[in-house]
file target-v3.csv (CSV, C-alpha atoms and all ligand atoms)
chain,number,residue,atom,x,y,z
A,1,MET,CA,70.8,113.8,190.2
A,2,GLY,CA,73.4,116.3,189.1
A,3,MET,CA,75.0,118.0,186.2
A,4,MET,CA,77.8,116.1,184.6
A,5,GLY,CA,79.9,118.2,182.2
A,6,PRO,CA,82.4,116.6,179.9
A,7,GLY,CA,85.2,117.7,182.3
A,8,THR,CA,83.9,115.3,185.0
A,9,MET,CA,85.0,112.4,182.9
A,10,ALA,CA,88.6,113.4,182.6
A,11,SER,CA,89.7,111.9,185.8
A,12,VAL,CA,88.2,108.5,184.9
A,13,LEU,CA,88.8,108.2,181.2
A,14,PRO,CA,91.0,109.9,178.6
A,15,CYS,CA,87.8,111.6,177.6
A,16,ALA,CA,87.2,112.6,174.1
A,17,ASN,CA,90.4,111.1,172.7
A,18,ARG,CA,90.6,113.0,169.4
A,19,ILE,CA,91.2,109.9,167.3
A,20,PRO,CA,88.9,106.9,167.3
A,21,VAL,CA,90.8,103.9,168.6
A,22,LYS,CA,91.3,100.4,167.2
A,23,ASP,CA,89.8,98.4,170.0
A,24,LEU,CA,86.5,100.1,169.3
A,25,ALA,CA,86.6,98.8,165.8
A,26,VAL,CA,86.2,102.2,164.1
A,27,ASN,CA,85.7,102.4,160.4
A,28,PRO,CA,87.9,105.2,159.1
A,29,SER,CA,86.7,104.6,155.6
A,30,HIS,CA,83.2,105.6,156.6
A,31,PRO,CA,82.3,108.4,154.2
A,32,SER,CA,81.2,110.6,157.1
A,33,SER,CA,84.4,110.2,159.0
A,34,PRO,CA,86.7,113.2,159.2
A,35,PHE,CA,89.4,110.6,159.9
A,36,SER,CA,88.9,108.8,156.6
A,37,ALA,CA,92.2,108.0,154.8
A,38,GLY,CA,91.1,110.0,151.8
A,39,ALA,CA,90.2,113.1,153.8
A,40,PHE,CA,93.4,112.9,155.8
A,41,ALA,CA,95.7,112.5,152.7
A,42,ALA,CA,93.9,115.4,151.0
A,43,ALA,CA,94.3,117.6,154.1
A,44,LEU,CA,98.1,116.8,154.2
A,45,VAL,CA,98.5,117.7,150.5
A,46,LEU,CA,96.7,120.9,150.9
A,47,GLY,CA,98.6,121.7,154.1
A,48,LEU,CA,95.3,121.6,156.0
A,49,ALA,CA,96.3,119.2,158.8
A,50,ALA,CA,96.5,121.9,161.4
A,51,PRO,CA,93.2,123.6,160.5
A,52,LEU,CA,91.6,120.2,160.5
A,53,ALA,CA,92.8,119.5,164.0
A,54,ALA,CA,91.9,123.1,165.2
A,55,ALA,CA,88.3,122.6,163.9
A,56,GLU,CA,87.6,119.6,166.1
A,57,PRO,CA,84.2,120.0,167.6
A,58,GLU,CA,83.5,119.7,171.3
A,59,THR,CA,82.5,116.2,172.3
A,60,ARG,CA,81.7,114.4,175.5
A,61,GLY,CA,83.6,111.1,175.0
A,62,ASN,CA,82.3,107.5,175.0
A,63,PRO,CA,81.0,106.0,177.2
A,64,ILE,CA,78.9,108.9,178.1
A,65,VAL,CA,78.4,107.8,181.7
A,66,THR,CA,81.5,107.0,183.7
A,67,GLU,CA,80.1,107.3,187.3
A,68,ARG,CA,78.5,103.8,187.1
A,69,PHE,CA,77.9,100.9,184.8
A,70,THR,CA,74.9,101.5,182.5
A,71,ALA,CA,73.3,99.3,179.9
A,72,ASP,CA,70.3,98.9,177.5
A,73,PRO,CA,69.8,102.5,176.6
A,74,SER,CA,66.5,103.8,175.1
A,75,PRO,CA,66.1,107.3,173.8
A,76,LEU,CA,63.2,109.8,174.0
A,77,VAL,CA,63.0,113.3,172.7
A,78,HIS,CA,60.8,115.8,174.6
A,79,ASP,CA,60.9,119.6,174.6
A,80,ASP,CA,64.2,120.0,172.9
A,81,THR,CA,65.9,117.6,175.3
A,82,LEU,CA,67.1,114.0,174.6
A,83,TYR,CA,66.5,111.6,177.5
A,84,ILE,CA,68.4,108.4,177.5
A,85,TYR,CA,66.9,105.8,179.9
A,86,THR,CA,69.4,103.1,181.0
A,87,GLY,CA,69.6,99.9,183.0
A,88,HIS,CA,72.3,99.7,185.8
A,89,ASP,CA,74.9,97.0,186.0
A,90,GLU,CA,76.0,96.3,189.5
A,91,GLN,CA,77.7,92.9,189.2
A,92,ARG,CA,81.1,92.6,190.9
A,93,GLU,CA,84.2,92.4,188.7
A,94,GLY,CA,84.8,88.8,187.7
A,95,ALA,CA,81.4,87.5,189.0
A,96,GLN,CA,78.9,85.9,186.7
A,97,GLY,CA,75.4,86.9,185.7
A,98,PHE,CA,73.5,90.2,185.5
A,99,LEU,CA,72.9,92.1,188.7
A,100,MET,CA,70.4,94.8,187.8
A,101,ARG,CA,68.1,96.4,190.3
A,102,ASP,CA,67.0,99.8,189.0
A,103,TRP,CA,67.0,102.2,186.0
A,104,TYR,CA,68.5,105.7,185.5
A,105,CYS,CA,68.0,108.5,183.0
A,106,TYR,CA,70.5,110.9,181.5
A,107,SER,CA,69.2,114.0,179.8
A,108,THR,CA,71.0,116.4,177.4
A,109,GLU,CA,70.2,119.5,175.3
A,110,ASP,CA,73.5,119.5,173.4
A,111,MET,CA,75.0,115.9,173.4
A,112,VAL,CA,77.9,117.1,175.6
A,113,ASP,CA,76.5,118.1,179.0
A,114,TYR,CA,74.3,115.5,180.6
A,115,GLU,CA,72.2,115.6,183.7
A,116,GLU,CA,71.8,112.4,185.7
A,117,HIS,CA,68.3,111.5,187.1
A,118,GLY,CA,67.9,108.6,189.3
A,119,PRO,CA,67.6,105.9,190.1
A,120,LEU,CA,64.1,106.7,188.8
A,121,LEU,CA,62.6,103.3,188.9
A,122,SER,CA,63.4,99.9,190.6
A,123,TRP,CA,62.0,96.4,190.3
A,124,LYS,CA,60.8,97.0,193.9
A,125,ASP,CA,58.3,99.5,192.4
A,126,PHE,CA,56.4,96.5,190.9
A,127,GLU,CA,54.8,94.5,193.7
A,128,TRP,CA,54.4,91.5,191.5
A,129,ALA,CA,58.1,91.4,190.6
A,130,ARG,CA,61.1,89.7,192.2
A,131,GLY,CA,64.1,91.3,190.5
A,132,ASP,CA,66.2,91.5,187.3
A,133,ALA,CA,65.6,95.1,186.0
A,134,PHE,CA,66.6,94.2,182.4
A,135,ALA,CA,66.0,96.4,179.3
A,136,SER,CA,63.3,99.0,179.1
A,137,HIS,CA,61.9,101.7,176.9
A,138,VAL,CA,60.0,104.9,177.6
A,139,THR,CA,57.5,106.5,175.3
A,140,GLU,CA,55.2,109.5,175.5
A,141,ARG,CA,51.5,109.8,174.7
A,142,ASP,CA,49.2,112.7,175.4
A,143,GLY,CA,51.4,114.2,178.1
A,144,LYS,CA,52.0,110.9,179.9
A,145,PHE,CA,55.3,109.0,179.9
A,146,TYR,CA,55.1,105.2,179.8
A,147,TRP,CA,58.1,103.2,180.9
A,148,TYR,CA,58.0,99.6,179.7
A,149,VAL,CA,60.3,97.3,181.6
A,150,SER,CA,61.6,93.7,181.7
A,151,LEU,CA,61.4,92.1,185.1
A,152,ARG,CA,61.4,88.6,186.7
A,153,HIS,CA,57.9,87.7,187.9
A,154,LYS,CA,57.3,86.6,191.5
A,155,ASP,CA,54.6,84.0,190.7
A,156,VAL,CA,54.4,83.3,187.0
A,157,ARG,CA,57.2,81.0,185.8
A,158,VAL,CA,56.4,78.7,183.0
A,159,HIS,CA,59.7,79.3,181.2
A,160,GLU,CA,62.3,81.8,182.5
A,161,GLY,CA,59.7,83.8,184.5
A,162,PHE,CA,60.4,87.1,182.7
A,163,ALA,CA,57.6,89.6,182.3
A,164,ILE,CA,57.0,93.0,180.9
A,165,GLY,CA,55.5,95.7,183.1
A,166,VAL,CA,54.6,99.4,182.6
A,167,ALA,CA,55.1,102.4,184.8
A,168,VAL,CA,53.6,105.8,184.2
A,169,SER,CA,54.4,109.4,185.0
A,170,ASP,CA,53.3,113.0,184.2
A,171,GLY,CA,56.9,113.9,183.3
A,172,PRO,CA,59.9,112.3,181.6
A,173,THR,CA,61.9,112.0,184.9
A,174,GLY,CA,59.1,110.9,187.1
A,175,PRO,CA,57.8,110.1,189.6
A,176,PHE,CA,56.9,106.8,188.0
A,177,ARG,CA,54.5,104.3,189.5
A,178,ASP,CA,53.3,100.9,188.3
A,179,ALA,CA,50.5,101.8,185.9
A,180,ILE,CA,48.4,98.6,186.3
A,181,GLY,CA,49.6,96.7,189.3
A,182,LYS,CA,50.3,93.6,187.3
A,183,ALA,CA,52.4,92.5,184.3
A,184,LEU,CA,51.4,93.3,180.8
A,185,ILE,CA,53.2,90.3,179.3
A,186,THR,CA,54.1,87.1,181.2
A,187,ASP,CA,55.0,83.5,180.3
A,188,GLU,CA,51.3,82.8,180.4
A,189,THR,CA,50.4,85.4,177.7
A,190,PRO,CA,49.3,83.3,174.7
A,191,ASN,CA,52.1,83.1,172.0
A,192,SER,CA,54.6,84.9,174.2
A,193,VAL,CA,58.3,83.7,174.2
A,194,VAL,CA,60.6,81.8,176.5
A,195,LEU,CA,62.4,85.1,177.5
A,196,ASN,CA,59.9,87.9,177.7
A,197,ILE,CA,62.3,90.9,177.8
A,198,ASP,CA,63.4,93.9,175.8
A,199,PRO,CA,60.2,95.9,175.2
A,200,ALA,CA,60.1,98.7,172.7
A,201,VAL,CA,57.0,100.7,171.8
A,202,HIS,CA,56.3,102.7,168.7
A,203,VAL,CA,53.3,104.9,168.3
A,204,ASP,CA,52.5,105.0,164.5
A,205,ASP,CA,51.4,108.1,162.6
A,206,ASP,CA,47.8,107.0,162.8
A,207,GLY,CA,48.0,106.9,166.6
A,208,GLN,CA,48.1,103.1,166.9
A,209,ALA,CA,50.7,101.9,169.4
A,210,TYR,CA,52.7,98.7,169.0
A,211,LEU,CA,54.7,96.8,171.6
A,212,PHE,CA,57.7,94.8,170.3
A,213,TRP,CA,59.8,92.5,172.5
A,214,GLY,CA,61.7,89.2,172.6
A,215,SER,CA,65.0,87.4,173.0
A,216,TRP,CA,66.7,84.1,172.4
A,217,ASN,CA,65.9,84.2,168.7
A,218,ALA,CA,62.2,84.8,169.2
A,219,GLY,CA,60.5,88.2,168.7
A,220,ARG,CA,56.9,89.2,169.1
A,221,TRP,CA,54.6,92.3,168.6
A,222,VAL,CA,51.2,93.2,169.7
A,223,LYS,CA,48.9,96.3,169.4
A,224,LEU,CA,48.3,98.4,172.5
A,225,LYS,CA,45.1,100.1,173.3
A,226,GLU,CA,45.0,103.9,173.3
A,227,ASN,CA,45.5,103.8,177.1
A,228,MET,CA,48.9,102.3,176.4
A,229,VAL,CA,48.5,99.7,179.3
A,230,GLU,CA,46.3,97.0,177.7
A,231,LEU,CA,47.0,94.7,174.8
A,232,ASP,CA,44.7,95.1,171.9
A,233,GLY,CA,44.4,91.7,170.1
A,234,GLU,CA,46.7,88.8,169.5
A,235,VAL,CA,50.4,88.5,169.9
A,236,HIS,CA,52.2,88.0,166.5
A,237,GLU,CA,55.5,86.6,165.6
A,238,LEU,CA,58.2,89.1,164.6
A,239,LYS,CA,59.9,87.6,161.6
A,240,ALA,CA,63.3,89.2,161.0
A,241,HIS,CA,66.4,87.5,159.7
A,242,ASN,CA,69.0,86.7,162.3
A,243,PHE,CA,66.9,88.3,165.1
A,244,PHE,CA,68.3,87.5,168.6
A,245,GLU,CA,66.8,90.2,170.9
A,246,ALA,CA,66.4,94.0,171.5
A,247,PRO,CA,63.9,95.0,168.7
A,248,PHE,CA,63.7,98.8,168.1
A,249,ILE,CA,61.6,100.6,165.6
A,250,HIS,CA,62.3,104.0,164.0
A,251,LYS,CA,60.7,105.6,160.9
A,252,LYS,CA,62.2,107.9,158.3
A,253,ASP,CA,60.8,108.9,155.0
A,254,ASP,CA,58.0,106.4,155.0
A,255,ILE,CA,60.4,103.5,155.7
A,256,TYR,CA,60.1,101.5,159.0
A,257,TYR,CA,63.4,100.4,160.3
A,258,LEU,CA,63.7,97.5,162.7
A,259,THR,CA,67.1,97.3,164.3
A,260,TYR,CA,67.9,94.4,166.6
A,261,ALA,CA,70.7,92.4,168.2
A,262,ALA,CA,71.5,89.5,165.9
A,263,HIS,CA,73.2,86.2,167.0
A,264,TYR,CA,74.9,85.8,170.4
A,265,PRO,CA,77.4,87.3,171.0
A,266,SER,CA,75.5,90.0,169.1
A,267,THR,CA,76.1,92.2,166.1
A,268,THR,CA,73.4,94.8,165.4
A,269,GLU,CA,71.5,94.2,162.2
A,270,TYR,CA,68.4,95.7,160.5
A,271,SER,CA,65.4,95.0,158.3
A,272,THR,CA,63.0,97.5,156.7
A,273,SER,CA,59.4,97.5,155.7
A,274,LYS,CA,56.7,99.7,154.2
A,275,SER,CA,54.5,98.7,157.2
A,276,ILE,CA,55.1,98.4,160.9
A,277,THR,CA,53.6,95.0,160.8
A,278,GLY,CA,56.0,93.7,158.2
A,279,PRO,CA,57.0,91.8,156.2
A,280,TRP,CA,60.5,92.8,157.1
A,281,GLU,CA,63.2,92.8,154.4
A,282,TYR,CA,66.7,92.0,155.7
A,283,GLN,CA,69.3,94.8,155.0
A,284,GLY,CA,72.4,93.7,156.8
A,285,VAL,CA,74.8,94.4,159.7
A,286,ILE,CA,75.3,97.9,160.9
A,287,HIS,CA,77.3,97.4,164.1
A,288,ASP,CA,80.0,94.7,164.6
A,289,LYS,CA,80.5,92.6,167.7
A,290,LEU,CA,82.0,94.4,170.6
A,291,PRO,CA,85.2,93.5,172.5
A,292,LYS,CA,84.3,92.3,176.1
A,293,SER,CA,80.5,92.6,175.8
A,294,GLU,CA,78.3,89.9,174.3
A,295,THR,CA,75.3,92.2,174.2
A,296,ASN,CA,75.0,95.7,172.6
A,297,HIS,CA,71.3,96.7,173.0
A,298,GLN,CA,70.7,99.7,170.6
A,299,GLY,CA,68.2,102.5,170.3
A,300,VAL,CA,68.0,105.0,167.4
A,301,VAL,CA,66.8,108.5,167.6
A,302,GLU,CA,66.7,111.8,165.7
A,303,PHE,CA,67.5,114.8,167.8
A,304,LYS,CA,68.0,118.4,166.5
A,305,GLY,CA,68.3,117.2,162.9
A,306,GLU,CA,70.9,114.5,163.6
A,307,TRP,CA,70.4,110.7,163.9
A,308,TYR,CA,72.1,108.8,166.7
A,309,PHE,CA,72.9,105.2,167.5
A,310,ILE,CA,72.8,104.6,171.2
A,311,TYR,CA,74.2,101.3,172.6
A,312,HIS,CA,76.4,99.9,175.3
A,313,ASN,CA,79.9,98.6,175.3
A,314,ALA,CA,82.3,97.4,178.0
A,315,GLN,CA,85.0,100.0,177.7
A,316,LEU,CA,85.0,101.6,181.2
A,317,PRO,CA,87.9,100.4,183.3
A,318,GLY,CA,86.7,97.2,185.0
A,319,GLY,CA,84.0,96.7,182.3
A,320,GLY,CA,82.9,93.4,181.0
A,321,VAL,CA,79.9,91.2,180.0
A,322,TYR,CA,78.0,92.2,183.1
A,323,ARG,CA,79.5,95.7,183.6
A,324,ARG,CA,78.5,97.7,180.5
A,325,SER,CA,78.5,101.4,179.6
A,326,VAL,CA,76.2,103.4,177.4
A,327,CYS,CA,77.7,105.1,174.3
A,328,VAL,CA,76.4,107.5,171.6
A,329,ASP,CA,77.6,107.6,168.0
A,330,LYS,CA,76.2,108.8,164.7
A,331,LEU,CA,73.7,106.9,162.6
A,332,VAL,CA,73.8,107.7,158.9
A,333,HIS,CA,71.0,106.9,156.4
A,334,ASP,CA,72.3,107.1,152.8
A,335,GLU,CA,70.3,108.5,149.9
A,336,ASP,CA,68.7,105.1,149.2
A,337,GLY,CA,67.5,104.8,152.7
A,338,LYS,CA,70.1,102.2,153.8
A,339,ILE,CA,71.9,102.6,157.1
A,340,LEU,CA,75.6,102.8,156.9
A,341,LYS,CA,77.8,100.8,159.2
A,342,VAL,CA,78.1,102.6,162.6
A,343,GLU,CA,81.5,104.1,163.3
A,344,ARG,CA,82.2,103.5,167.0
A,345,THR,CA,84.3,106.3,168.5
A,346,ARG,CA,85.8,107.3,171.8
A,347,THR,CA,84.8,110.9,171.1
A,348,SER,CA,81.1,110.4,170.9
A,349,VAL,CA,79.3,113.0,168.8
A,350,PRO,CA,79.8,116.7,168.3
A,351,LYS,CA,77.9,119.3,170.4
A,352,VAL,CA,74.7,120.5,169.0
A,353,GLU,CA,72.9,123.8,169.7
B,401,LIG,O1,70.7,93.8,180.4
B,401,LIG,C1,70.1,92.6,180.4
B,401,LIG,C2,69.8,92.1,179.0
B,401,LIG,O2,71.0,92.0,178.3
B,401,LIG,C3,68.9,92.9,178.2
B,401,LIG,O3,67.6,92.8,178.5
B,401,LIG,C4,69.3,92.5,176.8
B,401,LIG,O4,68.9,93.3,175.8
B,401,LIG,C5,70.8,92.4,176.9
B,401,LIG,O5,71.4,93.7,176.7

call {"tool": "encode", "arguments": {"input": "target-v3.csv", "output": "structure tokens", "more": "lines below"}}
Ligand code: FUB
result
Amino acid sequence: MGMMGPGTMASVLPCANRIPVKDLAVNPSHPSSPFSAGAFAAALVLGLAAPLAAAEPETRGNPIVTERFTADPSPLVHDDTLYIYTGHDEQREGAQGFLMRDWYCYSTEDMVDYEEHGPLLSWKDFEWARGDAFASHVTERDGKFYWYVSLRHKDVRVHEGFAIGVAVSDGPTGPFRDAIGKALITDETPNSVVLNIDPAVHVDDDGQAYLFWGSWNAGRWVKLKENMVELDGEVHELKAHNFFEAPFIHKKDDIYYLTYAAHYPSTTEYSTSKSITGPWEYQGVIHDKLPKSETNHQGVVEFKGEWYFIYHNAQLPGGGVYRRSVCVDKLVHDEDGKILKVERTRTSVPKVE
């Protein structure tokens, strides 16, 4: 655990390059971009190029973590702090397959200075598991923090042997312990999928909690009991156009947004609904495929009045399909409730108070 200011990145990356770069597929025509062609031309005509540069906000730089390879971020806001929980890629450069043993957390109050916590949880904390600490999601209810994780099961293997477990803690950074001593979802759960990974939980306004998960083109959802550690009823199919994996729910102005990785290698796409149980109306692509990473695993969060899109790429030196890095960029909803295409940057997002 330790404080990591933006300065710590400088030795590793040309941190906070002031212009988004091409290999990150930026979208300079994005209306919110200070780098849009229109804004820049207008600034030149008005002789404002220098003030524009001088007004650049303080940023951290993407990826936000450079000390290790991190993946599959999931955000949680608690007490004016944003917590980003991540997986940890440990595969050797050039070797094949994910090597993931534990999970970390990075917290920030201003989107520039982050504190590292961890590793906070490992597959070894689940007696019934045998490895593969894949994507996870933390949510809070009544002062307890529930960490839903993807893991490979020791005994149950009907398909790929992946299962979803849940750990619990009294605080956002632990200590976490296995909440039930067994898996919540396995290959044997009726109507589960071939690859039971990528849990995401949303507690709705009426207090009902829902667990979403799935991969390989098959998504599922089920209600959770108030205790957050038992299923409440049947497992339902998640019907969303182009769904591949990594479902994530956020709600804004009475609209439920389901973002997910679509196809493989993946883009990020989304659908909306008036109800968390669907039907889901397809809306389109919000995040293009990444160079060097086949996955992108997103989370969406509102923090201090701004919306953020948190995902991973493979842009650290030595990065690749199995050596990924968590990034943060802005997410913009337009006046009609549509999500604009995410502008990937090397700056990450401006500091907030
Ligand atoms: O990190 C392992 C797997 O890759 C995750 O569970 C998926 O979402 C994809 O990012």

call {"tool": "residues_near_ligand", "arguments": {"input": "target-v3.csv", "ligand": "ligand LIG 401 (chain B)", "cutoff": "7 Å", "atoms": "only C-alpha atoms and all ligand atoms", "output": "ChimeraX atom specification"}}
result
/A:71-72,87,98,134-135,150,197-198,245-246,295-297

call {"tool": "residues_around", "arguments": {"input": "target-v3.csv", "residues": "Tyr85 in chain A", "least_positions_apart": "5", "cutoff": "10 Å", "atoms": "all atoms listed in the file", "output": "NGL selection string"}}
result
:A and (70-76 or 103-107 or 117-118 or 120 or 135-138 or 147 or 172-173 or 326)

call {"tool": "write_last_selection", "arguments": {"input": "target-v3.csv", "atoms": "C-alpha atoms", "output": "tab-separated table (two decimals), in the frame of the given file"}}
result
chain	number	residue	atom	x	y	z
A	70	THR	CA	74.90	101.50	182.50
A	71	ALA	CA	73.30	99.30	179.90
A	72	ASP	CA	70.30	98.90	177.50
A	73	PRO	CA	69.80	102.50	176.60
A	74	SER	CA	66.50	103.80	175.10
A	75	PRO	CA	66.10	107.30	173.80
A	76	LEU	CA	63.20	109.80	174.00
A	103	TRP	CA	67.00	102.20	186.00
A	104	TYR	CA	68.50	105.70	185.50
A	105	CYS	CA	68.00	108.50	183.00
A	106	TYR	CA	70.50	110.90	181.50
A	107	SER	CA	69.20	114.00	179.80
A	117	HIS	CA	68.30	111.50	187.10
A	118	GLY	CA	67.90	108.60	189.30
A	120	LEU	CA	64.10	106.70	188.80
A	135	ALA	CA	66.00	96.40	179.30
A	136	SER	CA	63.30	99.00	179.10
A	137	HIS	CA	61.90	101.70	176.90
A	138	VAL	CA	60.00	104.90	177.60
A	147	TRP	CA	58.10	103.20	180.90
A	172	PRO	CA	59.90	112.30	181.60
A	173	THR	CA	61.90	112.00	184.90
A	326	VAL	CA	76.20	103.40	177.40

call {"tool": "closest_residue", "arguments": {"input": "target-v3.csv", "among": "A:Gly143, A:Pro57, A:Gly320, A:Gly214", "to": "Asn191 in chain A", "atoms": "all atoms listed in the file"}}
result
A:Gly214

call {"tool": "residues_around", "arguments": {"input": "target-v3.csv", "residues": "Lys251 in chain A", "least_positions_apart": "5", "cutoff": "12 Å", "atoms": "all atoms listed in the file", "output": "NGL selection string"}}
result
:A and (202-205 or 256-259 or 271-276 or 300-302 or 307 or 333 or 337)

call {"tool": "atom_distance", "arguments": {"input": "target-v3.csv", "atom1": "CA of Leu290 in chain A", "atom2": "CA of Gly61 in chain A"}}
result
17.3 Å

call {"tool": "closest_residue", "arguments": {"input": "target-v3.csv", "among": "A:Glu127, A:Asp132, A:Asp178, A:Glu343", "to": "Tyr146 in chain A", "atoms": "all atoms listed in the file"}}
result
A:Asp178

call {"tool": "closest_residue", "arguments": {"input": "target-v3.csv", "among": "A:Pro190, A:Ile164, A:His312, A:Phe126", "to": "His88 in chain A", "atoms": "all atoms listed in the file"}}
result
A:His312

call {"tool": "residues_near_point", "arguments": {"input": "target-v3.csv", "point": "(54.6, 87.1, 180.7)", "cutoff": "7 Å", "atoms": "all atoms listed in the file", "output": "PDB file with C-alpha atoms, keeping the file's coordinate frame"}}
result
ATOM      1  CA  PHE A 162      60.400  87.100 182.700  1.00  0.00           C
ATOM      2  CA  ALA A 163      57.600  89.600 182.300  1.00  0.00           C
ATOM      3  CA  ILE A 164      57.000  93.000 180.900  1.00  0.00           C
ATOM      4  CA  ALA A 183      52.400  92.500 184.300  1.00  0.00           C
ATOM      5  CA  LEU A 184      51.400  93.300 180.800  1.00  0.00           C
ATOM      6  CA  ILE A 185      53.200  90.300 179.300  1.00  0.00           C
ATOM      7  CA  THR A 186      54.100  87.100 181.200  1.00  0.00           C
ATOM      8  CA  ASP A 187      55.000  83.500 180.300  1.00  0.00           C
ATOM      9  CA  GLU A 188      51.300  82.800 180.400  1.00  0.00           C
ATOM     10  CA  THR A 189      50.400  85.400 177.700  1.00  0.00           C
ATOM     11  CA  SER A 192      54.600  84.900 174.200  1.00  0.00           C
ATOM     12  CA  ASN A 196      59.900  87.900 177.700  1.00  0.00           C
TER      13      ASN A 196
END

call {"tool": "residues_near_point", "arguments": {"input": "target-v3.csv", "point": "(60.4, 113.4, 175.5)", "cutoff": "9 Å", "atoms": "all atoms listed in the file", "output": "list in words"}}
result
Pro75, Leu76, Val77, His78, Asp79, Asp80, Thr81, Leu82, Tyr83, Val138, Thr139, Glu140, Phe145, Gly171 and Pro172 of chain A

call {"tool": "atom_distance", "arguments": {"input": "target-v3.csv", "atom1": "CA of Phe176 in chain A", "atom2": "CA of Pro63 in chain A"}}
result
26.4 Å

call {"tool": "atom_distance", "arguments": {"input": "target-v3.csv", "atom1": "CA of Arg101 in chain A", "atom2": "CA of Asp89 in chain A"}}
result
8.1 Å

call {"tool": "closest_residue", "arguments": {"input": "target-v3.csv", "among": "A:His263, A:Pro350, A:Phe309, A:Pro175", "to": "Val332 in chain A", "atoms": "all atoms listed in the file"}}
result
A:Phe309
